[in-house]
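Undergrad: Have a peek at work03.txt (compact mmCIF, C-alpha atoms and all ligand atoms).
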# COMPACT_ATOMS: atom_id res chain seq x y z
CA MET A 1 -11.65 33.82 26.56
CA THR A 2 -9.64 32.23 29.40
CA LYS A 3 -12.02 30.38 31.64
CA GLY A 4 -9.38 29.95 34.29
CA THR A 5 -11.93 29.07 36.93
CA LEU A 6 -13.14 25.81 35.39
CA SER A 7 -11.88 22.59 36.92
CA LYS A 8 -10.69 19.68 34.85
CA GLU A 9 -13.86 17.76 35.64
CA GLU A 10 -16.02 20.69 34.57
CA ILE A 11 -14.14 21.01 31.30
CA ILE A 12 -14.71 17.31 30.57
CA GLU A 13 -18.37 17.53 31.50
CA ARG A 14 -18.93 20.54 29.26
CA ALA A 15 -17.15 18.81 26.38
CA LEU A 16 -19.21 15.63 26.78
CA ALA A 17 -22.41 17.68 26.82
CA LYS A 18 -21.43 19.28 23.51
CA VAL A 19 -20.64 15.91 21.97
CA SER A 20 -24.02 14.65 23.03
CA LEU A 21 -25.79 17.69 21.56
CA PHE A 22 -23.80 17.29 18.34
CA THR A 23 -24.67 13.59 18.06
CA GLN A 24 -28.33 14.39 18.58
CA LYS A 25 -28.30 17.05 15.87
CA ARG A 26 -26.41 14.85 13.43
CA LYS A 27 -28.59 11.74 13.77
CA LYS A 28 -30.46 12.29 10.54
CA THR A 29 -27.31 12.94 8.50
CA SER A 30 -25.57 9.90 9.92
CA LEU A 31 -28.50 7.61 9.20
CA ALA A 32 -28.95 9.01 5.68
CA ASN A 33 -25.28 8.35 4.90
CA HIS A 34 -25.43 4.81 6.23
CA ASP A 35 -28.60 4.21 4.25
CA LYS A 36 -27.06 5.53 1.04
CA VAL A 37 -24.07 3.21 1.40
CA LEU A 38 -26.08 0.12 2.32
CA ARG A 39 -28.46 0.58 -0.61
CA ALA A 40 -25.55 0.97 -3.00
CA PHE A 41 -24.04 -2.32 -1.82
CA GLN A 42 -27.37 -4.00 -2.55
CA ASP A 43 -27.98 -2.25 -5.87
CA CYS A 44 -24.46 -3.08 -7.07
CA ARG A 45 -25.05 -6.73 -6.06
CA ILE A 46 -21.87 -6.96 -4.04
CA ASP A 47 -21.15 -10.57 -3.10
CA GLN A 48 -18.21 -12.73 -1.99
CA ALA A 49 -17.00 -12.96 -5.59
CA SER A 50 -16.61 -9.17 -5.61
CA PHE A 51 -13.68 -9.55 -3.19
CA ALA A 52 -11.76 -12.09 -5.28
CA GLY A 53 -9.26 -9.61 -6.70
CA SER A 54 -6.92 -10.22 -9.58
CA SER A 55 -3.27 -10.27 -10.55
CA GLY A 56 -1.14 -9.33 -13.54
CA TYR A 57 -2.95 -6.96 -15.87
CA GLY A 58 -6.17 -7.38 -13.98
CA TYR A 59 -8.33 -7.69 -17.12
CA GLY A 60 -11.97 -8.32 -16.37
CA ASP A 61 -11.66 -7.81 -12.62
CA HIS A 62 -15.38 -7.67 -11.93
CA GLY A 63 -14.96 -6.78 -8.25
CA ARG A 64 -12.79 -3.79 -9.10
CA ASP A 65 -15.35 -2.55 -11.62
CA GLN A 66 -18.18 -3.04 -9.11
CA LEU A 67 -16.24 -0.94 -6.59
CA ASP A 68 -16.17 1.88 -9.14
CA GLN A 69 -19.93 1.56 -9.55
CA LEU A 70 -20.43 1.52 -5.79
CA PHE A 71 -18.55 4.79 -5.32
CA ALA A 72 -20.36 6.30 -8.30
CA GLN A 73 -23.77 5.50 -6.83
CA VAL A 74 -22.94 6.72 -3.32
CA PHE A 75 -21.33 9.97 -4.46
CA GLY A 76 -23.84 10.64 -7.24
CA GLY A 77 -21.55 10.26 -10.25
CA GLU A 78 -21.90 8.47 -13.59
CA ASP A 79 -18.62 6.62 -13.14
CA ALA A 80 -15.63 6.40 -10.83
CA LEU A 81 -12.03 5.29 -10.77
CA VAL A 82 -11.23 3.83 -7.34
CA ARG A 83 -7.72 2.44 -7.19
CA SER A 84 -5.26 1.34 -4.56
CA GLN A 85 -2.52 2.30 -7.06
CA PHE A 86 -3.14 5.97 -6.41
CA LEU A 87 -0.31 6.80 -4.01
CA SER A 88 -2.02 9.58 -2.07
CA GLY A 89 -4.56 12.36 -2.33
CA THR A 90 -1.98 14.59 -3.97
CA HIS A 91 -1.17 11.95 -6.57
CA THR A 92 -4.86 11.43 -7.34
CA LEU A 93 -5.42 15.18 -7.72
CA SER A 94 -2.30 15.52 -9.85
CA VAL A 95 -3.44 12.72 -12.17
CA ALA A 96 -6.93 14.23 -12.36
CA LEU A 97 -5.70 17.74 -13.15
CA SER A 98 -3.23 16.58 -15.78
CA GLY A 99 -5.82 14.24 -17.26
CA LEU A 100 -8.31 17.07 -17.69
CA LEU A 101 -5.90 19.82 -18.78
CA SER A 102 -3.58 20.24 -21.72
CA PRO A 103 -1.14 23.03 -22.69
CA ALA A 104 -2.70 26.51 -23.07
CA LYS A 105 -5.78 25.59 -21.02
CA ARG A 106 -6.88 27.84 -18.19
CA LEU A 107 -7.08 26.63 -14.59
CA VAL A 108 -8.56 28.70 -11.79
CA SER A 109 -8.47 27.88 -8.10
CA PHE A 110 -11.71 29.45 -6.94
CA THR A 111 -11.12 28.98 -3.20
CA GLY A 112 -7.77 30.73 -2.81
CA PRO A 113 -4.45 28.90 -2.66
CA PRO A 114 -5.04 25.15 -2.82
CA TYR A 115 -3.70 22.56 -0.37
CA ASP A 116 0.08 22.85 0.24
CA THR A 117 1.19 19.89 -1.88
CA LEU A 118 -0.94 21.00 -4.84
CA ARG A 119 0.92 24.29 -5.05
CA GLN A 120 3.92 22.37 -6.35
CA VAL A 121 1.80 20.24 -8.66
CA ILE A 122 0.47 23.45 -10.20
CA GLY A 123 3.89 25.06 -9.96
CA SER A 124 3.16 28.43 -8.43
CA GLN A 125 6.32 28.14 -6.37
CA GLY A 126 8.56 25.71 -8.13
CA GLN A 127 10.36 25.29 -11.40
CA ASP A 128 9.63 21.58 -11.64
CA PRO A 129 9.46 20.95 -15.40
CA HIS A 130 6.49 18.62 -14.85
CA SER A 131 4.35 21.18 -13.04
CA LEU A 132 1.19 22.36 -14.77
CA ILE A 133 2.55 25.87 -15.20
CA SER A 134 5.78 24.69 -16.87
CA TRP A 135 3.55 22.63 -19.08
CA GLY A 136 1.91 25.79 -20.39
CA ILE A 137 -1.24 25.89 -18.28
CA ASP A 138 -2.48 29.36 -17.47
CA TYR A 139 -3.20 29.50 -13.73
CA GLU A 140 -4.98 31.98 -11.49
CA GLU A 141 -6.22 32.02 -7.90
CA ILE A 142 -9.29 33.84 -6.71
CA ASP A 143 -9.28 34.93 -3.07
CA LEU A 144 -11.60 32.81 -0.92
CA ALA A 145 -12.33 35.78 1.33
CA LEU A 146 -14.02 37.79 -1.45
CA SER A 147 -17.80 37.80 -1.69
CA LEU A 148 -19.20 35.34 -4.20
CA GLU A 149 -20.23 38.28 -6.38
CA ASP A 150 -16.68 39.67 -6.46
CA LYS A 151 -15.19 36.24 -7.04
CA ILE A 152 -17.45 35.71 -10.03
CA LYS A 153 -16.47 39.12 -11.43
CA LYS A 154 -12.85 37.96 -11.44
CA LEU A 155 -13.61 34.65 -13.15
CA ARG A 156 -12.88 34.69 -16.88
CA PRO A 157 -15.72 33.13 -18.83
CA ASP A 158 -13.24 31.17 -20.98
CA VAL A 159 -11.76 29.26 -18.02
CA ASP A 160 -11.42 25.52 -18.72
CA LEU A 161 -11.15 24.02 -15.25
CA VAL A 162 -12.30 25.45 -11.93
CA LEU A 163 -10.86 23.89 -8.79
CA LEU A 164 -12.76 24.14 -5.52
CA GLN A 165 -11.45 22.84 -2.20
CA ARG A 166 -14.08 21.75 0.30
CA SER A 167 -11.90 21.29 3.37
CA ARG A 168 -9.59 23.78 5.06
CA GLY A 169 -6.47 21.68 4.51
CA TYR A 170 -3.54 23.26 6.38
CA ASP A 171 -5.08 26.72 6.38
CA ILE A 172 -7.06 28.50 9.02
CA ARG A 173 -9.79 29.21 6.55
CA PRO A 174 -13.25 27.83 7.16
CA SER A 175 -14.17 24.71 5.24
CA LEU A 176 -17.09 25.11 2.86
CA THR A 177 -20.57 23.98 3.80
CA THR A 178 -22.41 22.10 1.10
CA LYS A 179 -24.71 25.11 0.90
CA GLU A 180 -21.83 27.48 0.11
CA LEU A 181 -20.32 24.95 -2.24
CA GLY A 182 -23.64 24.64 -4.08
CA GLN A 183 -23.93 28.41 -4.46
CA MET A 184 -20.37 28.65 -5.78
CA ILE A 185 -20.93 25.86 -8.26
CA SER A 186 -24.14 27.43 -9.64
CA ALA A 187 -22.48 30.84 -9.97
CA VAL A 188 -19.44 29.40 -11.75
CA ARG A 189 -21.70 27.40 -14.05
CA THR A 190 -23.63 30.53 -15.03
CA LYS A 191 -20.51 32.62 -15.72
CA ALA A 192 -18.49 29.88 -17.44
CA PRO A 193 -20.93 27.25 -18.70
CA GLN A 194 -18.32 25.18 -20.55
CA ALA A 195 -15.87 24.99 -17.64
CA THR A 196 -15.28 21.71 -15.83
CA ILE A 197 -15.81 22.03 -12.08
CA LEU A 198 -13.55 19.83 -9.97
CA VAL A 199 -13.92 19.59 -6.19
CA ASP A 200 -11.06 18.46 -3.97
CA ASN A 201 -13.25 16.42 -1.62
CA CYS A 202 -10.50 15.34 0.83
CA TYR A 203 -11.82 15.21 4.42
CA GLY A 204 -15.35 16.09 3.29
CA GLU A 205 -16.88 12.68 2.49
CA PHE A 206 -19.87 11.66 4.63
CA VAL A 207 -19.66 14.70 6.90
CA GLU A 208 -22.84 16.19 5.49
CA GLU A 209 -25.75 14.58 3.71
CA LYS A 210 -24.86 15.75 0.22
CA GLU A 211 -21.67 15.32 -1.74
CA PRO A 212 -20.37 17.88 -4.29
CA LEU A 213 -21.59 16.00 -7.39
CA GLU A 214 -25.15 16.27 -6.08
CA LEU A 215 -24.59 20.03 -5.93
CA GLY A 216 -23.62 20.23 -9.58
CA ALA A 217 -19.84 19.61 -9.59
CA ASP A 218 -18.52 17.60 -12.56
CA ILE A 219 -15.83 15.60 -10.83
CA ILE A 220 -14.62 14.96 -7.27
CA VAL A 221 -11.30 13.64 -6.02
CA GLY A 222 -10.29 12.19 -2.66
CA SER A 223 -7.95 9.93 -0.73
CA LEU A 224 -8.77 6.44 0.56
CA ILE A 225 -6.63 6.81 3.65
CA LYS A 226 -8.92 9.63 4.71
CA ASN A 227 -12.72 9.47 5.17
CA PRO A 228 -13.91 6.99 2.50
CA GLY A 229 -11.36 4.32 3.42
CA GLY A 230 -13.03 3.87 6.79
CA GLY A 231 -9.68 3.19 8.45
CA LEU A 232 -9.28 -0.11 6.61
CA ALA A 233 -8.07 0.87 3.16
CA THR A 234 -4.29 0.58 3.11
CA SER A 235 -3.71 3.00 0.23
CA GLY A 236 -5.41 4.61 -2.71
CA GLY A 237 -7.53 7.38 -4.08
CA TYR A 238 -10.66 7.91 -6.12
CA VAL A 239 -12.12 10.17 -8.75
CA CYS A 240 -15.85 10.17 -9.41
CA GLY A 241 -18.19 12.12 -11.65
CA ARG A 242 -19.01 12.56 -15.32
CA LYS A 243 -18.19 9.49 -17.39
CA ASP A 244 -16.23 11.33 -20.09
CA LEU A 245 -14.07 13.03 -17.46
CA VAL A 246 -13.40 9.81 -15.55
CA GLU A 247 -12.34 8.31 -18.87
CA LYS A 248 -9.87 11.14 -19.56
CA ILE A 249 -8.38 10.82 -16.10
CA SER A 250 -8.16 7.02 -16.52
CA SER A 251 -6.06 7.52 -19.65
CA ARG A 252 -3.60 9.57 -17.63
CA PHE A 253 -3.77 7.14 -14.68
CA SER A 254 -2.80 4.12 -16.76
CA ALA A 255 -2.09 4.90 -20.40
CA PRO A 256 -4.05 6.22 -23.38
CA GLY A 257 -5.96 3.33 -24.90
CA ILE A 258 -5.87 1.31 -21.68
CA GLY A 259 -7.87 3.49 -19.30
CA LYS A 260 -9.81 1.64 -16.62
CA GLU A 261 -9.43 -1.83 -18.12
CA VAL A 262 -6.09 -2.68 -16.54
CA GLY A 263 -4.93 -2.60 -12.93
CA ALA A 264 -4.92 -5.60 -10.65
CA VAL A 265 -6.07 -5.31 -7.06
CA GLU A 266 -5.16 -8.16 -4.73
CA GLY A 267 -8.22 -9.76 -3.16
CA SER A 268 -7.18 -9.03 0.42
CA GLN A 269 -6.93 -5.36 -0.48
CA LEU A 270 -10.14 -5.22 -2.45
CA ARG A 271 -12.18 -6.55 0.46
CA LEU A 272 -10.69 -3.88 2.73
CA LEU A 273 -11.65 -1.17 0.26
CA TYR A 274 -15.24 -2.45 0.32
CA GLN A 275 -15.40 -2.96 4.05
CA GLY A 276 -13.73 0.37 4.75
CA PHE A 277 -16.22 2.18 2.52
CA TYR A 278 -19.06 0.41 4.32
CA LEU A 279 -17.71 1.58 7.69
CA ALA A 280 -16.78 5.08 6.52
CA PRO A 281 -20.02 6.86 7.55
CA HIS A 282 -19.59 5.49 11.08
CA MET A 283 -15.87 6.31 11.34
CA VAL A 284 -16.47 9.84 10.12
CA GLY A 285 -19.09 10.23 12.87
CA GLU A 286 -16.63 9.03 15.53
CA ALA A 287 -13.93 11.38 14.26
CA LEU A 288 -16.39 14.29 14.32
CA LYS A 289 -17.37 13.56 17.92
CA GLY A 290 -13.69 13.59 18.87
CA ALA A 291 -13.25 16.91 17.11
CA VAL A 292 -16.18 18.48 18.97
CA TYR A 293 -14.82 17.19 22.28
CA LEU A 294 -11.37 18.60 21.59
CA ALA A 295 -12.73 21.94 20.38
CA SER A 296 -14.77 22.40 23.55
CA MET A 297 -11.89 21.43 25.81
CA MET A 298 -9.29 23.63 24.11
CA GLU A 299 -11.66 26.58 23.92
CA ASP A 300 -12.33 26.28 27.62
CA LEU A 301 -8.58 26.35 28.18
CA GLY A 302 -8.41 29.66 26.31
CA TYR A 303 -7.07 28.57 22.94
CA GLN A 304 -8.31 29.71 19.54
CA VAL A 305 -10.20 26.82 17.92
CA SER A 306 -11.73 26.46 14.48
CA PRO A 307 -14.43 25.32 14.03
CA GLY A 308 -15.90 26.12 17.46
CA PRO A 309 -17.51 23.29 19.42
CA GLU A 310 -21.00 24.31 18.36
CA ASP A 311 -20.24 25.33 14.77
CA THR A 312 -21.55 23.40 11.78
CA ARG A 313 -18.93 20.90 10.65
CA THR A 314 -18.22 20.32 7.00
CA ASP A 315 -14.99 18.35 7.27
CA THR A 316 -13.25 16.19 9.87
CA VAL A 317 -10.47 18.68 10.62
CA GLN A 318 -10.12 20.54 13.91
CA ALA A 319 -7.67 23.42 14.06
CA ILE A 320 -6.21 24.82 17.28
CA SER A 321 -3.81 27.77 17.34
CA PHE A 322 -1.14 27.98 20.03
CA ASP A 323 0.82 31.12 19.03
CA ASP A 324 3.83 29.21 20.35
CA PRO A 325 5.90 26.59 18.50
CA GLN A 326 6.78 24.68 21.68
CA ALA A 327 3.13 24.28 22.67
CA LEU A 328 2.34 22.93 19.20
CA VAL A 329 5.19 20.41 19.40
CA SER A 330 4.17 19.31 22.88
CA PHE A 331 0.53 18.79 21.82
CA VAL A 332 1.54 16.64 18.85
CA GLN A 333 3.89 14.58 21.01
CA THR A 334 1.12 13.90 23.52
CA ILE A 335 -1.19 12.63 20.76
CA GLN A 336 1.58 10.33 19.54
CA ALA A 337 2.23 9.02 23.05
CA ASN A 338 -1.46 8.09 23.32
CA SER A 339 -1.69 6.23 20.02
CA PRO A 340 -1.82 2.44 19.61
CA VAL A 341 1.18 2.20 17.27
CA ASP A 342 4.64 3.79 17.76
CA ALA A 343 3.50 5.31 21.05
CA TYR A 344 7.09 5.23 22.28
CA ALA A 345 8.30 7.42 19.40
CA LYS A 346 8.70 11.18 19.81
CA PRO A 347 7.77 13.10 16.66
CA LEU A 348 9.95 16.07 15.72
CA PRO A 349 9.50 18.75 13.05
CA TRP A 350 10.94 17.73 9.64
CA PRO A 351 10.96 18.99 6.06
CA MET A 352 8.17 16.77 4.70
CA PRO A 353 8.22 16.41 0.87
CA GLY A 354 5.72 18.71 -0.79
CA TYR A 355 5.41 21.14 2.11
CA GLU A 356 7.00 24.60 2.33
CA ASP A 357 7.58 24.77 6.08
CA GLN A 358 8.77 22.08 8.45
CA VAL A 359 5.91 19.89 9.59
CA ILE A 360 5.41 17.93 12.80
CA MET A 361 3.05 15.02 12.67
CA ALA A 362 1.64 12.51 15.14
CA ALA A 363 0.57 9.41 13.27
CA GLY A 364 0.55 6.42 15.60
CA THR A 365 -1.61 4.64 13.08
CA PHE A 366 -2.07 1.11 11.74
CA VAL A 367 -2.00 2.38 8.16
CA ALA A 368 1.09 4.58 8.07
CA GLY A 369 0.11 8.24 7.97
CA ALA A 370 -3.60 7.52 7.54
CA THR A 371 -5.56 10.53 8.67
CA SER A 372 -8.75 8.51 9.06
CA GLU A 373 -7.07 7.41 12.29
CA LEU A 374 -6.34 9.92 15.06
CA THR A 375 -3.54 12.15 13.81
CA ALA A 376 -2.32 15.65 14.53
CA ASP A 377 -0.07 17.73 12.39
CA GLY A 378 0.96 21.25 11.80
CA PRO A 379 3.46 23.30 9.85
CA LEU A 380 5.93 25.23 12.02
CA ARG A 381 4.69 28.66 11.03
CA ALA A 382 2.77 31.36 12.91
CA PRO A 383 0.16 31.17 14.40
CA TYR A 384 1.39 27.62 15.16
CA THR A 385 -1.80 25.84 14.40
CA VAL A 386 -2.25 22.12 14.86
CA PHE A 387 -4.71 20.25 12.67
CA VAL A 388 -6.27 17.23 14.34
CA GLN A 389 -8.34 14.72 12.45
CA GLY A 390 -9.57 11.17 12.39
CA GLY A 391 -10.10 8.56 15.03
CA LEU A 392 -11.83 5.23 14.61
CA SER A 393 -13.54 5.31 17.99
CA PHE A 394 -14.57 8.36 20.00
CA ASP A 395 -13.53 6.78 23.29
CA TYR A 396 -9.97 6.25 22.05
CA ASN A 397 -9.89 9.89 20.99
CA LYS A 398 -11.20 10.97 24.36
CA LEU A 399 -8.48 9.02 26.16
CA ALA A 400 -5.79 10.84 24.18
CA MET A 401 -7.44 14.21 24.59
CA ASP A 402 -7.83 13.83 28.34
CA GLN A 403 -4.07 13.29 28.51
CA ILE A 404 -3.62 16.62 26.75
CA LEU A 405 -5.91 18.23 29.30
CA ASP A 406 -3.90 16.72 32.18
CA LYS A 407 -0.67 17.99 30.75
CA LEU A 408 -1.94 21.50 30.12
CA PHE A 409 -3.39 21.67 33.63
CA ILE A 410 -0.08 20.70 35.18
CA GLN A 411 1.69 23.37 33.13
CA ARG A 412 -0.72 26.04 34.35
CA ARG A 413 0.05 25.46 37.97
C1 LIG A 501 -4.99 15.64 2.47
C2 LIG A 501 -5.39 16.59 1.43
C3 LIG A 501 -4.81 16.56 0.16
C4 LIG A 501 -3.65 15.68 -0.20
O1 LIG A 501 -3.73 14.38 0.21
P1 LIG A 501 -2.42 13.55 0.60
O2 LIG A 501 -2.94 12.18 0.72
O3 LIG A 501 -1.93 14.12 1.88
O4 LIG A 501 -1.45 13.71 -0.50
C5 LIG A 501 -5.29 17.45 -0.77
N1 LIG A 501 -6.27 18.32 -0.48
C6 LIG A 501 -6.84 18.38 0.74
C7 LIG A 501 -7.94 19.35 0.99
C8 LIG A 501 -6.42 17.52 1.73
O5 LIG A 501 -6.99 17.57 2.92
Translate this file's structure into structure tokens.
Ligand SMILES: *Cc1c(COP(=O)(O)O)cnc(C)c1O
TA:
Amino acid sequence: MTKGTLSKEEIIERALAKVSLFTQKRKKTSLANHDKVLRAFQDCRIDQASFAGSSGYGYGDHGRDQLDQLFAQVFGGEDALVRSQFLSGTHTLSVALSGLLSPAKRLVSFTGPPYDTLRQVIGSQGQDPHSLISWGIDYEEIDLALSLEDKIKKLRPDVDLVLLQRSRGYDIRPSLTTKELGQMISAVRTKAPQATILVDNCYGEFVEEKEPLELGADIIVGSLIKNPGGGLATSGGYVCGRKDLVEKISSRFSAPGIGKEVGAVEGSQLRLLYQGFYLAPHMVGEALKGAVYLASMMEDLGYQVSPGPEDTRTDTVQAISFDDPQALVSFVQTIQANSPVDAYAKPLPWPMPGYEDQVIMAAGTFVAGATSELTADGPLRAPYTVFVQGGLSFDYNKLAMDQILDKLFIQRR
């Protein structure tokens, strides 16, 4: 696949043409997502008072409750719990899983091994006494690669909670299209009608027109420093879906008997959560354009990319495999050097908490580690794949990516 004859200018031109084609094809989706968000702001009667925030216990924080309603309307749920006190996506997922499960319940991951950090939450590798497995949860994984028919055969009808992951995470598996997700949800529902279906929605929000709840899922979970934070949220996570399930998770989030009623959000933060959510459909579009550009460029240089520049995109993640640890490290360092914050710093591989292998990460971001901003990271394991995501403006992404191109061209000489 080496197109050794293409010049740098030709590679850029081809990449820009693919971005333009992608933007054209995605116009309807982008507009629909903007429309959905704008209407929800109006329907929820968001006004200046919504941004006031609260302190202490945060009783009767109307703006915080309206934010829950806003997310619920946009994502198609009955209720939501949107909180800056969620520490990360992993924390939100951990609270959701432990809120919905209790000892002796059965949990099945229907899309193969879940995201790296969740493996320790569930406990398939560790002996952490707080993991779900040590807690007496029965856990099984069903291989993503199997046909839907074979997957369903393996699913026990008495399963209590089925976990589906929309995005690829740190795996070189394809992310699920909403069509595939919808088919999986219907099949699971038929085989195990009483099971709760939870979708890990990280990196998926606003990429396509539909969200998992509209496809029949019961509950979705995501991070606010990814897509729905629009680059402005400084921390947090959300769960959204059936009211009774949001209530259970709220009891675990705060305390039984307290649920959603307590939890102060400072006004300055609350406004950013609103404004970030308002901007999220746009930011996701910019990040996607950057991903298409990068995919085209790296493919033209002969690297393995997933998804391909013309493939349907269902999350904001772009994977590139180098088959060489040094090339992965060098790529990540170039992204860092072309970031607005900490550009002078040189990232090195380190044993990041929650991950099995060493990880190298470029995150020259305003919100530390936020992957709604341009970031690149990869575990140091074969085939040395880097995962690139985010970017608040396509042109900023392009500037960084063109530096990568320059560097790789010099190396080829
Ligand atoms: C990012 C991510 C998580 C975990 O989120 P953190 O904020 O990194 O803890 C979980 N699942 C998927 C699919 C993700 O992409």
Undergrad: What's the separation between atom CA of Val359 of chain A and atom CA of Gly378 of chain A, in Å to one decimal place?
TA: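 Spanning atom CA of Val359 of chain A to atom CA of Gly378 of chain A is a straight-line distance of 5.6 Å.
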Undergrad: Using only C-alpha atoms, collect all residues at a distance of at most 6 Å from (-16.9, 19.4, -2.7) as written in the file, then present them as a PyMOL selection string.
TA: chain A and resi 166+199+201+212
Undergrad: Ligand LIG 501 (chain A): which residues are within 10 Å, counting only C-alpha atoms and all ligand atoms? Reply as an MDAnalysis selection string.
TA: chainID A and resid 86:94 114:118 164:171 175 199:204 221:226 235:237 315:317 354 369:371
Undergrad: Do you know which residues are at most 8 Å from segment 287-299 of chain A counting all atoms listed in the file, after dropping those on the same chain fewer than 2 positions away, and could you put them as a ChimeraX atom specification?
TA: /A:1,11-12,14-16,18-19,22-23,283-285,301-310,313,316-318,320,372,374,388-394,397-398,401,405
Undergrad: Taking all atoms listed in the file into account, which of A:Lys248, A:Lys210, A:Arg156, A:Lys346 comes nearest Asp79 of chain A?
TA: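 Under the stated criterion, the closest residue is A:Lys248.
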Undergrad: Quick one, how far is atom CA of Thr111 of chain A from atom CA of Ile142 of chain A?
TA: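 Between atom CA of Thr111 of chain A and atom CA of Ile142 of chain A the gap is 6.3 Å.
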Undergrad: Using all atoms listed in the file, pick whichever of A:Pro383, A:Gly231, A:Pro347, A:Gly263 has the shortest atom-to-atom distance to Gly56 of chain A.
TA: A:Gly263
Undergrad: Quick one, how far is atom CA of Glu208 of chain A from atom CA of Ser30 of chain A?
TA: 8.2 Å
Undergrad: So which residues fall inside 9 Å of (-4.2, 2.1, 25.9) if we count only C-alpha atoms? Mind giving them as a ChimeraX atom specification?
TA: /A:338-340,396,399
Undergrad: I want to know what sits within 12 Å of Arg242 of chain A, based on only C-alpha atoms, with residues of the same chain fewer than 5 positions away left out; could you give that as a list in words?
TA: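 The filter keeps Ala72, Phe75, Gly76, Gly77, Glu78, Asp79, Ala80, Leu81, Leu100, Thr196, Ile197, Leu198, Leu213, Glu214, Gly216, Ala217, Asp218, Ile219, Ile220, Glu247, Lys248 and Ile249 of chain A.
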Undergrad: Name all residues at most 7 Å from segment 131-133 of chain A (count only C-alpha atoms; drop same-chain ones fewer than 3 positions away) and give them as a list in words.
TA: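 The residues satisfying every condition are Gln120, Val121, Ile122, Gly123, Asp128, Gly136, Ile137, Asp138 and Tyr139 of chain A.
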Undergrad: Would you mind telling me which residue in A:Asp143, A:Asp300, A:Asp402, A:Asp357 lies nearest to Arg381 of chain A when using all atoms listed in the file?
TA: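 Checking each candidate against Arg381 of chain A, we get A:Asp357 as the closest.
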Undergrad: Quick one: of A:Thr375, A:Gln69, A:Ser330, A:Ser50, who's nearest to Gly241 of chain A, counting only C-alpha atoms?
TA: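 For Gly241 of chain A, the nearest of the candidates is A:Gln69.
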Undergrad: Please determine, counting all atoms listed in the file, which residue among A:Thr234, A:Val188, A:Phe387, A:Val265 has the shortest atom-to-atom distance to Asp61 of chain A.
TA: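 Going through A:Thr234, A:Val188, A:Phe387, A:Val265 one by one, the smallest distance to Asp61 of chain A is for A:Val265.
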